[in-house]
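Trainee: What follows is start.cif, mmCIF, C-alpha atoms.
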```cif
data_coords
#
loop_
_atom_site.group_PDB
_atom_site.id
_atom_site.type_symbol
_atom_site.label_atom_id
_atom_site.label_comp_id
_atom_site.auth_asym_id
_atom_site.auth_seq_id
_atom_site.Cartn_x
_atom_site.Cartn_y
_atom_site.Cartn_z
ATOM 1 C CA MET A 1 97.255 -58.189 -4.587
ATOM 2 C CA PHE A 2 100.151 -55.800 -3.986
ATOM 3 C CA PHE A 3 99.662 -55.788 -0.205
ATOM 4 C CA LYS A 4 98.992 -59.517 0.243
ATOM 5 C CA ASP A 5 100.703 -60.831 3.404
ATOM 6 C CA LYS A 6 102.335 -57.419 3.989
ATOM 7 C CA THR A 7 102.273 -55.241 7.111
ATOM 8 C CA ILE A 8 101.161 -51.676 6.497
ATOM 9 C CA LEU A 9 101.269 -48.684 8.823
ATOM 10 C CA VAL A 10 98.695 -45.966 8.143
ATOM 11 C CA ILE A 11 99.670 -42.832 10.078
ATOM 12 C CA GLY A 12 96.604 -40.638 10.409
ATOM 13 C CA GLY A 13 94.557 -43.727 9.626
ATOM 14 C CA THR A 14 91.396 -42.451 11.318
ATOM 15 C CA GLY A 15 90.995 -39.501 8.923
ATOM 16 C CA THR A 16 88.869 -39.351 5.791
ATOM 17 C CA ILE A 17 91.621 -40.472 3.408
ATOM 18 C CA GLY A 18 93.159 -42.826 5.962
ATOM 19 C CA THR A 19 90.005 -44.890 6.413
ATOM 20 C CA SER A 20 89.473 -44.993 2.651
ATOM 21 C CA VAL A 21 93.037 -46.279 2.149
ATOM 22 C CA VAL A 22 92.509 -48.923 4.845
ATOM 23 C CA LYS A 23 89.299 -50.077 3.156
ATOM 24 C CA GLU A 24 91.087 -50.567 -0.178
ATOM 25 C CA ILE A 25 94.131 -52.329 1.301
ATOM 26 C CA LEU A 26 91.886 -54.841 3.098
ATOM 27 C CA ASN A 27 90.851 -56.157 -0.332
ATOM 28 C CA ASP A 28 94.434 -57.419 -0.846
ATOM 29 C CA ASN A 29 94.455 -59.674 2.229
ATOM 30 C CA PRO A 30 97.343 -57.985 4.084
ATOM 31 C CA LYS A 31 99.001 -59.607 7.067
ATOM 32 C CA LYS A 32 98.347 -56.582 9.283
ATOM 33 C CA ILE A 33 97.290 -52.943 9.042
ATOM 34 C CA LYS A 34 98.489 -50.750 11.888
ATOM 35 C CA ILE A 35 96.347 -47.641 12.344
ATOM 36 C CA PHE A 36 98.312 -44.946 14.157
ATOM 37 C CA SER A 37 96.761 -41.726 15.444
ATOM 38 C CA ARG A 38 96.414 -39.701 18.633
ATOM 39 C CA ASP A 39 92.607 -39.689 18.996
ATOM 40 C CA GLU A 40 91.237 -42.718 20.849
ATOM 41 C CA HIS A 41 87.613 -41.770 20.127
ATOM 42 C CA LYS A 42 88.189 -41.738 16.368
ATOM 43 C CA GLN A 43 90.037 -45.042 16.671
ATOM 44 C CA HIS A 44 86.987 -46.518 18.404
ATOM 45 C CA GLN A 45 84.748 -45.233 15.602
ATOM 46 C CA VAL A 46 86.979 -46.739 12.911
ATOM 47 C CA ARG A 47 87.207 -50.046 14.781
ATOM 48 C CA GLU A 48 83.399 -50.176 14.819
ATOM 49 C CA ARG A 49 83.180 -49.163 11.167
ATOM 50 C CA PHE A 50 85.344 -52.127 10.155
ATOM 51 C CA HIS A 51 83.508 -54.465 12.544
ATOM 52 C CA HIS A 52 86.592 -55.185 14.680
ATOM 53 C CA HIS A 53 88.430 -56.701 11.688
ATOM 54 C CA SER A 54 91.131 -59.076 12.955
ATOM 55 C CA VAL A 55 93.802 -57.645 10.610
ATOM 56 C CA LEU A 56 93.545 -54.146 12.087
ATOM 57 C CA GLN A 57 95.708 -53.022 15.000
ATOM 58 C CA PHE A 58 95.029 -49.630 16.608
ATOM 59 C CA LEU A 59 97.947 -47.728 18.090
ATOM 60 C CA ILE A 60 97.825 -44.422 19.981
ATOM 61 C CA GLY A 61 100.696 -42.012 19.469
ATOM 62 C CA ASP A 62 101.973 -38.791 17.942
ATOM 63 C CA ILE A 63 104.403 -38.327 15.061
ATOM 64 C CA ARG A 64 106.248 -35.816 17.214
ATOM 65 C CA ASP A 65 107.421 -38.791 19.327
ATOM 66 C CA LEU A 66 110.348 -40.445 17.503
ATOM 67 C CA ASN A 67 110.680 -43.319 19.987
ATOM 68 C CA ARG A 68 107.018 -44.250 19.571
ATOM 69 C CA LEU A 69 107.330 -44.169 15.780
ATOM 70 C CA GLU A 70 110.385 -46.423 15.878
ATOM 71 C CA GLU A 71 108.397 -48.861 17.991
ATOM 72 C CA VAL A 72 105.294 -49.001 15.767
ATOM 73 C CA MET A 73 107.343 -49.318 12.544
ATOM 74 C CA ARG A 74 108.928 -52.609 13.528
ATOM 75 C CA ASP A 75 108.343 -55.265 10.838
ATOM 76 C CA VAL A 76 106.384 -52.799 8.665
ATOM 77 C CA ASP A 77 106.654 -53.067 4.864
ATOM 78 C CA PHE A 78 104.864 -49.870 3.747
ATOM 79 C CA VAL A 79 103.987 -46.607 5.476
ATOM 80 C CA PHE A 80 101.232 -44.136 4.532
ATOM 81 C CA HIS A 81 102.022 -40.732 6.070
ATOM 82 C CA LEU A 82 98.626 -39.003 6.137
ATOM 83 C CA ALA A 83 98.935 -37.098 9.416
ATOM 84 C CA ALA A 84 99.118 -33.303 9.489
ATOM 85 C CA MET A 85 97.913 -30.060 10.932
ATOM 86 C CA LYS A 86 96.004 -29.036 7.819
ATOM 87 C CA ARG A 87 93.655 -26.177 8.661
ATOM 88 C CA VAL A 88 95.183 -23.026 7.193
ATOM 89 C CA ASP A 89 93.800 -20.768 9.922
ATOM 90 C CA ALA A 90 95.008 -23.035 12.742
ATOM 91 C CA CYS A 91 98.496 -23.182 11.238
ATOM 92 C CA GLU A 92 98.585 -19.398 10.863
ATOM 93 C CA GLU A 93 97.607 -18.926 14.500
ATOM 94 C CA ASN A 94 99.935 -21.675 15.766
ATOM 95 C CA PRO A 95 102.923 -21.700 13.383
ATOM 96 C CA LEU A 96 105.332 -23.443 15.755
ATOM 97 C CA GLU A 97 102.811 -26.236 16.332
ATOM 98 C CA ALA A 98 102.485 -26.638 12.546
ATOM 99 C CA VAL A 99 106.274 -26.907 12.271
ATOM 100 C CA GLU A 100 106.400 -29.480 15.074
ATOM 101 C CA THR A 101 103.775 -31.700 13.420
ATOM 102 C CA ASN A 102 104.232 -31.186 9.690
ATOM 103 C CA ILE A 103 108.022 -30.828 9.541
ATOM 104 C CA ILE A 104 109.534 -32.376 12.677
ATOM 105 C CA GLY A 105 106.894 -35.107 12.607
ATOM 106 C CA SER A 106 107.737 -35.920 8.978
ATOM 107 C CA SER A 107 111.446 -35.971 9.834
ATOM 108 C CA ASN A 108 110.702 -38.446 12.626
ATOM 109 C CA ILE A 109 108.768 -40.664 10.228
ATOM 110 C CA ARG A 110 111.697 -40.622 7.797
ATOM 111 C CA SER A 111 114.196 -41.534 10.517
ATOM 112 C CA ALA A 112 112.032 -44.304 11.969
ATOM 113 C CA ALA A 113 111.358 -45.792 8.513
ATOM 114 C CA ILE A 114 115.053 -45.875 7.642
ATOM 115 C CA LYS A 115 115.950 -47.418 10.991
ATOM 116 C CA ASN A 116 113.364 -50.181 10.509
ATOM 117 C CA ASN A 117 114.172 -50.839 6.826
ATOM 118 C CA VAL A 118 110.651 -50.005 5.655
ATOM 119 C CA LYS A 119 110.335 -50.615 1.890
ATOM 120 C CA LYS A 120 108.369 -47.472 0.946
ATOM 121 C CA VAL A 121 106.878 -44.405 2.589
ATOM 122 C CA ILE A 122 104.253 -42.296 0.841
ATOM 123 C CA PHE A 123 103.493 -38.740 1.986
ATOM 124 C CA THR A 124 100.359 -36.762 1.167
ATOM 125 C CA SER A 125 101.260 -33.189 0.297
ATOM 126 C CA SER A 126 99.093 -30.309 -0.898
ATOM 127 C CA ASP A 127 98.593 -27.813 -3.711
ATOM 128 C CA LYS A 128 99.299 -25.195 -1.046
ATOM 129 C CA ALA A 129 102.928 -26.389 -0.949
ATOM 130 C CA ILE A 130 103.547 -24.702 -4.325
ATOM 131 C CA SER A 131 104.655 -21.068 -4.079
ATOM 132 C CA PRO A 132 103.335 -21.116 -0.492
ATOM 133 C CA THR A 133 101.761 -18.010 0.986
ATOM 134 C CA ASN A 134 100.790 -19.543 4.331
ATOM 135 C CA THR A 135 102.358 -21.564 7.144
ATOM 136 C CA TYR A 136 100.551 -24.757 6.195
ATOM 137 C CA GLY A 137 101.829 -24.673 2.614
ATOM 138 C CA ALA A 138 105.367 -23.813 3.713
ATOM 139 C CA THR A 139 105.488 -26.731 6.154
ATOM 140 C CA LYS A 140 104.193 -29.130 3.512
ATOM 141 C CA LEU A 141 106.805 -27.944 1.004
ATOM 142 C CA ILE A 142 109.643 -28.456 3.499
ATOM 143 C CA ALA A 143 108.286 -31.905 4.389
ATOM 144 C CA GLU A 144 108.236 -32.805 0.665
ATOM 145 C CA ARG A 145 111.871 -31.751 0.254
ATOM 146 C CA LEU A 146 112.921 -33.428 3.485
ATOM 147 C CA LEU A 147 111.426 -36.777 2.506
ATOM 148 C CA ALA A 148 112.905 -36.604 -1.009
ATOM 149 C CA ALA A 149 116.428 -35.917 0.295
ATOM 150 C CA PRO A 150 119.044 -38.458 -0.873
ATOM 151 C CA SER A 151 119.728 -41.336 1.465
ATOM 152 C CA SER A 152 121.933 -44.414 1.440
ATOM 153 C CA SER A 153 119.020 -46.371 2.883
ATOM 154 C CA ALA A 154 117.024 -48.913 0.860
ATOM 155 C CA THR A 155 113.832 -47.168 2.018
ATOM 156 C CA THR A 156 112.225 -45.087 -0.734
ATOM 157 C CA PHE A 157 110.013 -42.035 -0.243
ATOM 158 C CA VAL A 158 107.351 -40.593 -2.541
ATOM 159 C CA SER A 159 104.861 -37.721 -2.303
ATOM 160 C CA VAL A 160 101.427 -37.082 -3.793
ATOM 161 C CA ARG A 161 100.010 -33.573 -4.127
ATOM 162 C CA PHE A 162 96.312 -33.266 -3.477
ATOM 163 C CA GLY A 163 93.873 -30.568 -4.327
ATOM 164 C CA ASN A 164 90.779 -30.254 -2.143
ATOM 165 C CA VAL A 165 89.225 -33.625 -1.355
ATOM 166 C CA MET A 166 85.452 -33.341 -1.636
ATOM 167 C CA GLY A 167 83.719 -33.869 1.664
ATOM 168 C CA SER A 168 86.861 -34.291 3.777
ATOM 169 C CA ARG A 169 86.869 -32.790 7.253
ATOM 170 C CA GLY A 170 87.623 -29.074 7.175
ATOM 171 C CA SER A 171 86.858 -28.691 3.464
ATOM 172 C CA VAL A 172 84.501 -26.078 2.058
ATOM 173 C CA ILE A 173 81.621 -28.366 1.001
ATOM 174 C CA PRO A 174 80.723 -29.596 4.521
ATOM 175 C CA LEU A 175 81.069 -25.992 5.718
ATOM 176 C CA PHE A 176 78.591 -24.697 3.136
ATOM 177 C CA GLN A 177 76.203 -27.597 3.790
ATOM 178 C CA GLU A 178 76.248 -26.952 7.541
ATOM 179 C CA GLN A 179 75.583 -23.254 6.985
ATOM 180 C CA ILE A 180 72.623 -24.124 4.767
ATOM 181 C CA LYS A 181 71.319 -26.703 7.246
ATOM 182 C CA THR A 182 71.376 -24.158 10.080
ATOM 183 C CA ASN A 183 69.938 -21.409 7.847
ATOM 184 C CA GLN A 184 73.019 -19.213 8.116
ATOM 185 C CA LEU A 185 74.540 -16.923 5.513
ATOM 186 C CA ILE A 186 76.968 -18.818 3.274
ATOM 187 C CA THR A 187 80.366 -17.199 3.764
ATOM 188 C CA ILE A 188 82.256 -16.951 0.477
ATOM 189 C CA THR A 189 85.814 -15.693 0.278
ATOM 190 C CA ASP A 190 85.366 -14.612 -3.351
ATOM 191 C CA PRO A 191 82.949 -16.133 -5.912
ATOM 192 C CA GLU A 192 85.694 -16.057 -8.578
ATOM 193 C CA MET A 193 88.150 -18.060 -6.447
ATOM 194 C CA THR A 194 89.147 -21.303 -8.184
ATOM 195 C CA ARG A 195 90.169 -24.585 -6.591
ATOM 196 C CA PHE A 196 91.311 -28.029 -7.701
ATOM 197 C CA MET A 197 88.772 -30.599 -6.510
ATOM 198 C CA MET A 198 89.052 -34.364 -6.323
ATOM 199 C CA THR A 199 86.774 -37.073 -5.000
ATOM 200 C CA LEU A 200 87.788 -39.284 -2.088
ATOM 201 C CA SER A 201 87.942 -42.206 -4.507
ATOM 202 C CA GLN A 202 90.384 -40.301 -6.740
ATOM 203 C CA ALA A 203 92.557 -39.314 -3.791
ATOM 204 C CA THR A 204 92.697 -42.908 -2.564
ATOM 205 C CA SER A 205 93.436 -44.319 -6.009
ATOM 206 C CA LEU A 206 96.222 -41.782 -6.614
ATOM 207 C CA THR A 207 97.844 -42.562 -3.281
ATOM 208 C CA LEU A 208 97.844 -46.322 -3.859
ATOM 209 C CA GLN A 209 98.982 -46.028 -7.489
ATOM 210 C CA ALA A 210 101.832 -43.687 -6.551
ATOM 211 C CA LEU A 211 103.068 -46.068 -3.869
ATOM 212 C CA LYS A 212 103.045 -49.013 -6.260
ATOM 213 C CA GLU A 213 104.701 -47.243 -9.222
ATOM 214 C CA SER A 214 107.231 -45.030 -7.473
ATOM 215 C CA LYS A 215 110.961 -45.465 -7.937
ATOM 216 C CA GLY A 216 111.811 -43.092 -5.099
ATOM 217 C CA GLY A 217 111.757 -39.335 -4.545
ATOM 218 C CA GLU A 218 108.962 -38.510 -7.009
ATOM 219 C CA VAL A 219 105.985 -36.237 -6.591
ATOM 220 C CA PHE A 220 102.761 -37.463 -8.218
ATOM 221 C CA VAL A 221 100.112 -34.912 -9.220
ATOM 222 C CA LEU A 222 96.626 -35.969 -10.260
ATOM 223 C CA LYS A 223 94.939 -34.153 -13.131
ATOM 224 C CA MET A 224 91.753 -32.931 -11.541
ATOM 225 C CA PRO A 225 88.729 -30.735 -12.192
ATOM 226 C CA VAL A 226 88.745 -27.036 -11.321
ATOM 227 C CA ILE A 227 85.691 -25.460 -9.696
ATOM 228 C CA ARG A 228 84.665 -21.863 -9.058
ATOM 229 C CA LEU A 229 83.660 -21.178 -5.454
ATOM 230 C CA GLY A 230 80.630 -19.101 -6.423
ATOM 231 C CA ASP A 231 79.306 -21.930 -8.617
ATOM 232 C CA LEU A 232 79.640 -24.381 -5.732
ATOM 233 C CA ALA A 233 77.677 -22.123 -3.376
ATOM 234 C CA ASP A 234 74.960 -21.488 -5.973
ATOM 235 C CA LEU A 235 74.552 -25.197 -6.672
ATOM 236 C CA LEU A 236 74.330 -26.204 -3.006
ATOM 237 C CA ILE A 237 71.774 -23.460 -2.322
ATOM 238 C CA GLN A 238 69.730 -24.520 -5.353
ATOM 239 C CA GLN A 239 69.797 -28.161 -4.227
ATOM 240 C CA SER A 240 68.606 -27.217 -0.753
ATOM 241 C CA GLY A 241 65.474 -25.512 -2.089
ATOM 242 C CA LEU A 242 65.916 -22.840 0.569
ATOM 243 C CA SER A 243 66.318 -19.094 0.260
ATOM 244 C CA ILE A 244 69.853 -18.630 1.565
ATOM 245 C CA SER A 245 71.941 -15.521 1.049
ATOM 246 C CA THR A 246 75.697 -15.304 0.688
ATOM 247 C CA GLU A 247 78.201 -13.063 2.418
ATOM 248 C CA LEU A 248 81.538 -12.104 0.878
ATOM 249 C CA ILE A 249 84.262 -12.191 3.533
ATOM 250 C CA GLY A 250 87.416 -11.658 1.443
ATOM 251 C CA LEU A 251 90.722 -13.498 1.501
ATOM 252 C CA LYS A 252 91.974 -14.705 4.867
ATOM 253 C CA PRO A 253 95.676 -14.267 5.732
ATOM 254 C CA GLY A 254 97.700 -16.653 3.576
ATOM 255 C CA GLU A 255 94.867 -17.506 1.160
ATOM 256 C CA LYS A 256 95.235 -17.307 -2.635
ATOM 257 C CA MET A 257 92.651 -16.737 -5.340
ATOM 258 C CA TYR A 258 93.934 -19.817 -7.144
ATOM 259 C CA GLU A 259 95.978 -22.910 -6.345
ATOM 260 C CA GLU A 260 99.020 -24.391 -8.073
ATOM 261 C CA LEU A 261 100.081 -28.026 -8.328
ATOM 262 C CA MET A 262 103.220 -27.820 -10.458
ATOM 263 C CA THR A 263 105.696 -24.998 -11.058
ATOM 264 C CA TYR A 264 107.277 -24.050 -14.374
ATOM 265 C CA ASP A 265 110.668 -25.310 -13.169
ATOM 266 C CA GLU A 266 109.179 -28.673 -12.195
ATOM 267 C CA SER A 267 107.469 -28.998 -15.575
ATOM 268 C CA GLN A 268 110.851 -28.922 -17.319
ATOM 269 C CA HIS A 269 111.660 -32.454 -16.190
ATOM 270 C CA ALA A 270 108.178 -33.846 -15.418
ATOM 271 C CA TRP A 271 106.410 -36.685 -17.209
ATOM 272 C CA GLU A 272 102.747 -36.853 -18.189
ATOM 273 C CA LEU A 273 100.590 -39.955 -17.838
ATOM 274 C CA ASP A 274 96.919 -40.267 -18.807
ATOM 275 C CA ASP A 275 95.596 -39.141 -15.443
ATOM 276 C CA MET A 276 98.571 -37.624 -13.635
ATOM 277 C CA PHE A 277 101.950 -35.923 -13.809
ATOM 278 C CA VAL A 278 105.126 -37.375 -12.311
ATOM 279 C CA ILE A 279 107.854 -35.035 -11.084
ATOM 280 C CA PRO A 280 110.941 -37.231 -10.555
ATOM 281 C CA SER A 281 113.788 -36.425 -8.206
ATOM 282 C CA ASP A 282 116.196 -37.380 -10.997
ATOM 283 C CA SER A 283 115.725 -35.475 -14.265
ATOM 284 C CA LYS A 284 116.982 -38.539 -16.174
ATOM 285 C CA SER A 285 114.246 -40.823 -14.830
ATOM 286 C CA LEU A 286 112.048 -42.439 -17.476
ATOM 287 C CA TYR A 287 108.459 -43.627 -17.121
ATOM 288 C CA SER A 288 106.773 -46.091 -19.437
ATOM 289 C CA ASP A 289 103.616 -45.036 -21.286
ATOM 290 C CA SER A 290 104.435 -41.386 -20.620
ATOM 291 C CA LYS A 291 105.504 -38.244 -22.449
ATOM 292 C CA LYS A 292 107.363 -35.131 -21.427
ATOM 293 C CA VAL A 293 105.183 -32.409 -19.963
ATOM 294 C CA LYS A 294 104.637 -29.241 -21.966
ATOM 295 C CA ARG A 295 106.517 -26.554 -20.055
ATOM 296 C CA GLY A 296 104.361 -24.318 -17.909
ATOM 297 C CA THR A 297 102.640 -24.089 -14.556
ATOM 298 C CA TYR A 298 99.648 -26.210 -13.580
ATOM 299 C CA ARG A 299 97.381 -23.675 -11.848
ATOM 300 C CA SER A 300 93.654 -23.581 -11.201
ATOM 301 C CA ASN A 301 93.260 -20.152 -12.845
ATOM 302 C CA ASP A 302 94.834 -21.441 -16.071
ATOM 303 C CA GLN A 303 92.492 -24.441 -16.395
ATOM 304 C CA GLU A 304 88.979 -24.614 -17.774
ATOM 305 C CA VAL A 305 86.433 -24.413 -14.951
ATOM 306 C CA VAL A 306 83.784 -27.155 -14.895
ATOM 307 C CA THR A 307 80.210 -26.175 -15.698
ATOM 308 C CA LYS A 308 77.551 -26.230 -13.007
ATOM 309 C CA HIS A 309 76.140 -29.385 -14.596
ATOM 310 C CA GLN A 310 79.553 -31.072 -14.462
ATOM 311 C CA LEU A 311 79.993 -29.899 -10.867
ATOM 312 C CA HIS A 312 76.595 -31.379 -10.023
ATOM 313 C CA GLN A 313 77.719 -34.726 -11.461
ATOM 314 C CA LEU A 314 80.983 -34.612 -9.477
ATOM 315 C CA LEU A 315 79.109 -34.008 -6.238
ATOM 316 C CA LEU A 316 76.691 -36.832 -7.031
ATOM 317 C CA GLU A 317 79.575 -39.213 -7.739
ATOM 318 C CA ALA A 318 81.196 -38.197 -4.447
ATOM 319 C CA GLY A 319 77.955 -38.958 -2.583
ATOM 320 C CA LEU A 320 77.606 -35.359 -1.424
ATOM 321 C CA LEU A 321 74.196 -34.655 -2.987
ATOM 322 C CA ASP A 322 70.880 -36.417 -2.736
ATOM 323 C CA LYS A 323 69.768 -37.866 -6.065
ATOM 324 C CA ARG A 324 66.676 -36.036 -7.235
#
```
Show me, as structure tokens, the structure contained in the file I just sent.

Mentor:
Amino acid sequence: MFFKDKTILVIGGTGTIGTSVVKEILNDNPKKIKIFSRDEHKQHQVRERFHHHSVLQFLIGDIRDLNRLEEVMRDVDFVFHLAAMKRVDACEENPLEAVETNIIGSSNIRSAAIKNNVKKVIFTSSDKAISPTNTYGATKLIAERLLAAPSSSATTFVSVRFGNVMGSRGSVIPLFQEQIKTNQLITITDPEMTRFMMTLSQATSLTLQALKESKGGEVFVLKMPVIRLGDLADLLIQQSGLSISTELIGLKPGEKMYEELMTYDESQHAWELDDMFVIPSDSKSLYSDSKKVKRGTYRSNDQEVVTKHQLHQLLLEAGLLDKR
């Protein structure tokens, strides 16, 4: 009952991960959950989904607006920073907008949290923040560093690095499924491309666990399965029972053949838990029930790729396939 009688602000609380976080926090009987986003239609949908729960408060606003953030953070104990411009192509085409949201917006959240004496702020980062080759990844990396910067405030900040969350808006699985549904060619960047994949349940659990266990300034990285893009397309086509062809479209600007969640330098002072790595801001930090990480990068092309059978099970567990 970590959140019992506490007030929580979920920024980006109408998104896939945001609504999942809200659902879990409600089990702890919080005093209030403030859901902050800029889309009134999505707020209406979430309000209906939770049957107008009395604990939920819906607030319209944008993280680019510091004054609004300072207002909504009054009397808040914990903040979940889940808002971002996250589509790689949109960030490439609108780099200044990505900076305004992902960097300036994160800076505003930090300032507002410190001003209101918030206990903890947790930020969801991305595997694309490591050795970034695109605008999205670069903005996420800067936001990570900005939030981890030393402060005399009692407010602590922590980040979690996600891989691809199965089924989230903008991810590849819904794209492939829509192409199959409308009998289009499935567009594949490269069948040998590898990606870290996690279920929504894993992403939610990691976020909540990181908030509870953090000392301040850490980055938490979940150990997660690696999939091959070609295997995913083949499996979804097979499940559909349709005769669908694929089209290779090649790497888009800023895309990589693999993703990375931890650099070699970070591994030198990181700790390993059963299901995640912890990269502390202080190299002297100690974590119970942990061991030092073996030095090296944590990259999708260095990990064993799951079999098609294992991938099938992952998709079933995530509720993204019909049971047959």

Trainee: What's the separation between atom CA of A:Ile279 and atom CA of A:Val219, in Å to one decimal place?

Mentor: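 Distance reported for this atom pair: 5.0 Å.
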
Trainee: Counting all atoms listed in the file, figure out which residue out of A:Glu259, A:Glu40, A:Asp28, A:Asp231 gets nearest to A:Thr14.

Mentor: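 The closest residue to A:Thr14 is A:Glu40.
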
Trainee: With all atoms listed in the file counted, which protein, DNA or RNA residues have an atom no more than 12 Å from (116.4, -38.8, 10.1) in the file frame? Please answer as a PyMOL selection string.

Mentor: chain A and resi 66+69-70+103-116+146-153+155

Trainee: Which residues are near A:Thr124? Cut-off 7 Å, all atoms listed in the file, ignore same chain within fewer than 2 positions. Put them as a PyMOL selection string.

Mentor: chain A and resi 81-82+122+126+159-161

Trainee: If I take atom CA of A:Ser168 and atom CA of A:Thr199, how far is one from the other in Å, to one decimal?

Mentor: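 Atom CA of A:Thr199 lies 9.2 Å from atom CA of A:Ser168.
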
Trainee: Within 8 Å of A:Ala98, counting all atoms listed in the file, which residues show up once you throw out same-chain ones fewer than 2 positions away? Write them as a PDB file with C-alpha atoms, keeping the file's coordinate frame, please.

Mentor:
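The resulting result30.pdb:
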```pdb
ATOM      1  CA  MET A  85      97.913 -30.060  10.932  1.00  0.00           C
ATOM      2  CA  CYS A  91      98.496 -23.182  11.238  1.00  0.00           C
ATOM      3  CA  ASN A  94      99.935 -21.675  15.766  1.00  0.00           C
ATOM      4  CA  PRO A  95     102.923 -21.700  13.383  1.00  0.00           C
ATOM      5  CA  LEU A  96     105.332 -23.443  15.755  1.00  0.00           C
ATOM      6  CA  GLU A 100     106.400 -29.480  15.074  1.00  0.00           C
ATOM      7  CA  THR A 101     103.775 -31.700  13.420  1.00  0.00           C
ATOM      8  CA  ASN A 102     104.232 -31.186   9.690  1.00  0.00           C
ATOM      9  CA  ILE A 103     108.022 -30.828   9.541  1.00  0.00           C
ATOM     10  CA  THR A 135     102.358 -21.564   7.144  1.00  0.00           C
ATOM     11  CA  TYR A 136     100.551 -24.757   6.195  1.00  0.00           C
ATOM     12  CA  THR A 139     105.488 -26.731   6.154  1.00  0.00           C
TER      13      THR A 139
END
```

Trainee: Give me the residues near A:Phe277 as a PyMOL selection string, where near means some atom within 7 Å (using all atoms listed in the file) and where sequence neighbours in that chain fewer than 6 positions away do not count.

Mentor: chain A and resi 220-222+270-271

Trainee: Applying the PyMOL selection byres ((chain A and resi 236) around 12) to the file I just gave you, which residues come out? Please list them as a PDB file with C-alpha atoms, keeping the file's coordinate frame.

Mentor:
```
ATOM      1  CA  VAL A 172      84.501 -26.078   2.058  1.00  0.00           C
ATOM      2  CA  ILE A 173      81.621 -28.366   1.001  1.00  0.00           C
ATOM      3  CA  PRO A 174      80.723 -29.596   4.521  1.00  0.00           C
ATOM      4  CA  LEU A 175      81.069 -25.992   5.718  1.00  0.00           C
ATOM      5  CA  PHE A 176      78.591 -24.697   3.136  1.00  0.00           C
ATOM      6  CA  GLN A 177      76.203 -27.597   3.790  1.00  0.00           C
ATOM      7  CA  GLU A 178      76.248 -26.952   7.541  1.00  0.00           C
ATOM      8  CA  GLN A 179      75.583 -23.254   6.985  1.00  0.00           C
ATOM      9  CA  ILE A 180      72.623 -24.124   4.767  1.00  0.00           C
ATOM     10  CA  LYS A 181      71.319 -26.703   7.246  1.00  0.00           C
ATOM     11  CA  ILE A 186      76.968 -18.818   3.274  1.00  0.00           C
ATOM     12  CA  LEU A 229      83.660 -21.178  -5.454  1.00  0.00           C
ATOM     13  CA  GLY A 230      80.630 -19.101  -6.423  1.00  0.00           C
ATOM     14  CA  ASP A 231      79.306 -21.930  -8.617  1.00  0.00           C
ATOM     15  CA  LEU A 232      79.640 -24.381  -5.732  1.00  0.00           C
ATOM     16  CA  ALA A 233      77.677 -22.123  -3.376  1.00  0.00           C
ATOM     17  CA  ASP A 234      74.960 -21.488  -5.973  1.00  0.00           C
ATOM     18  CA  LEU A 235      74.552 -25.197  -6.672  1.00  0.00           C
ATOM     19  CA  ILE A 237      71.774 -23.460  -2.322  1.00  0.00           C
ATOM     20  CA  GLN A 238      69.730 -24.520  -5.353  1.00  0.00           C
ATOM     21  CA  GLN A 239      69.797 -28.161  -4.227  1.00  0.00           C
ATOM     22  CA  SER A 240      68.606 -27.217  -0.753  1.00  0.00           C
ATOM     23  CA  GLY A 241      65.474 -25.512  -2.089  1.00  0.00           C
ATOM     24  CA  LEU A 242      65.916 -22.840   0.569  1.00  0.00           C
ATOM     25  CA  SER A 243      66.318 -19.094   0.260  1.00  0.00           C
ATOM     26  CA  ILE A 244      69.853 -18.630   1.565  1.00  0.00           C
ATOM     27  CA  SER A 245      71.941 -15.521   1.049  1.00  0.00           C
ATOM     28  CA  THR A 246      75.697 -15.304   0.688  1.00  0.00           C
ATOM     29  CA  LYS A 308      77.551 -26.230 -13.007  1.00  0.00           C
ATOM     30  CA  LEU A 311      79.993 -29.899 -10.867  1.00  0.00           C
ATOM     31  CA  HIS A 312      76.595 -31.379 -10.023  1.00  0.00           C
ATOM     32  CA  LEU A 315      79.109 -34.008  -6.238  1.00  0.00           C
ATOM     33  CA  LEU A 316      76.691 -36.832  -7.031  1.00  0.00           C
ATOM     34  CA  LEU A 320      77.606 -35.359  -1.424  1.00  0.00           C
ATOM     35  CA  LEU A 321      74.196 -34.655  -2.987  1.00  0.00           C
ATOM     36  CA  ASP A 322      70.880 -36.417  -2.736  1.00  0.00           C
TER      37      ASP A 322
END
```

Trainee: I'd like the contact shell of A:Gly12 - 6 Å cut-off, all atoms listed in the file, skipping same-chain residues fewer than 5 positions apart - returned as a list in words.

Mentor: Phe36, Ser37, Leu82 and Ala83 of chain A

Trainee: Work out how far apart atom CA of A:Ala90 and atom CA of A:Val21 are and give it in Å to one decimal.

Mentor: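 Distance between the two atoms: 25.6 Å.
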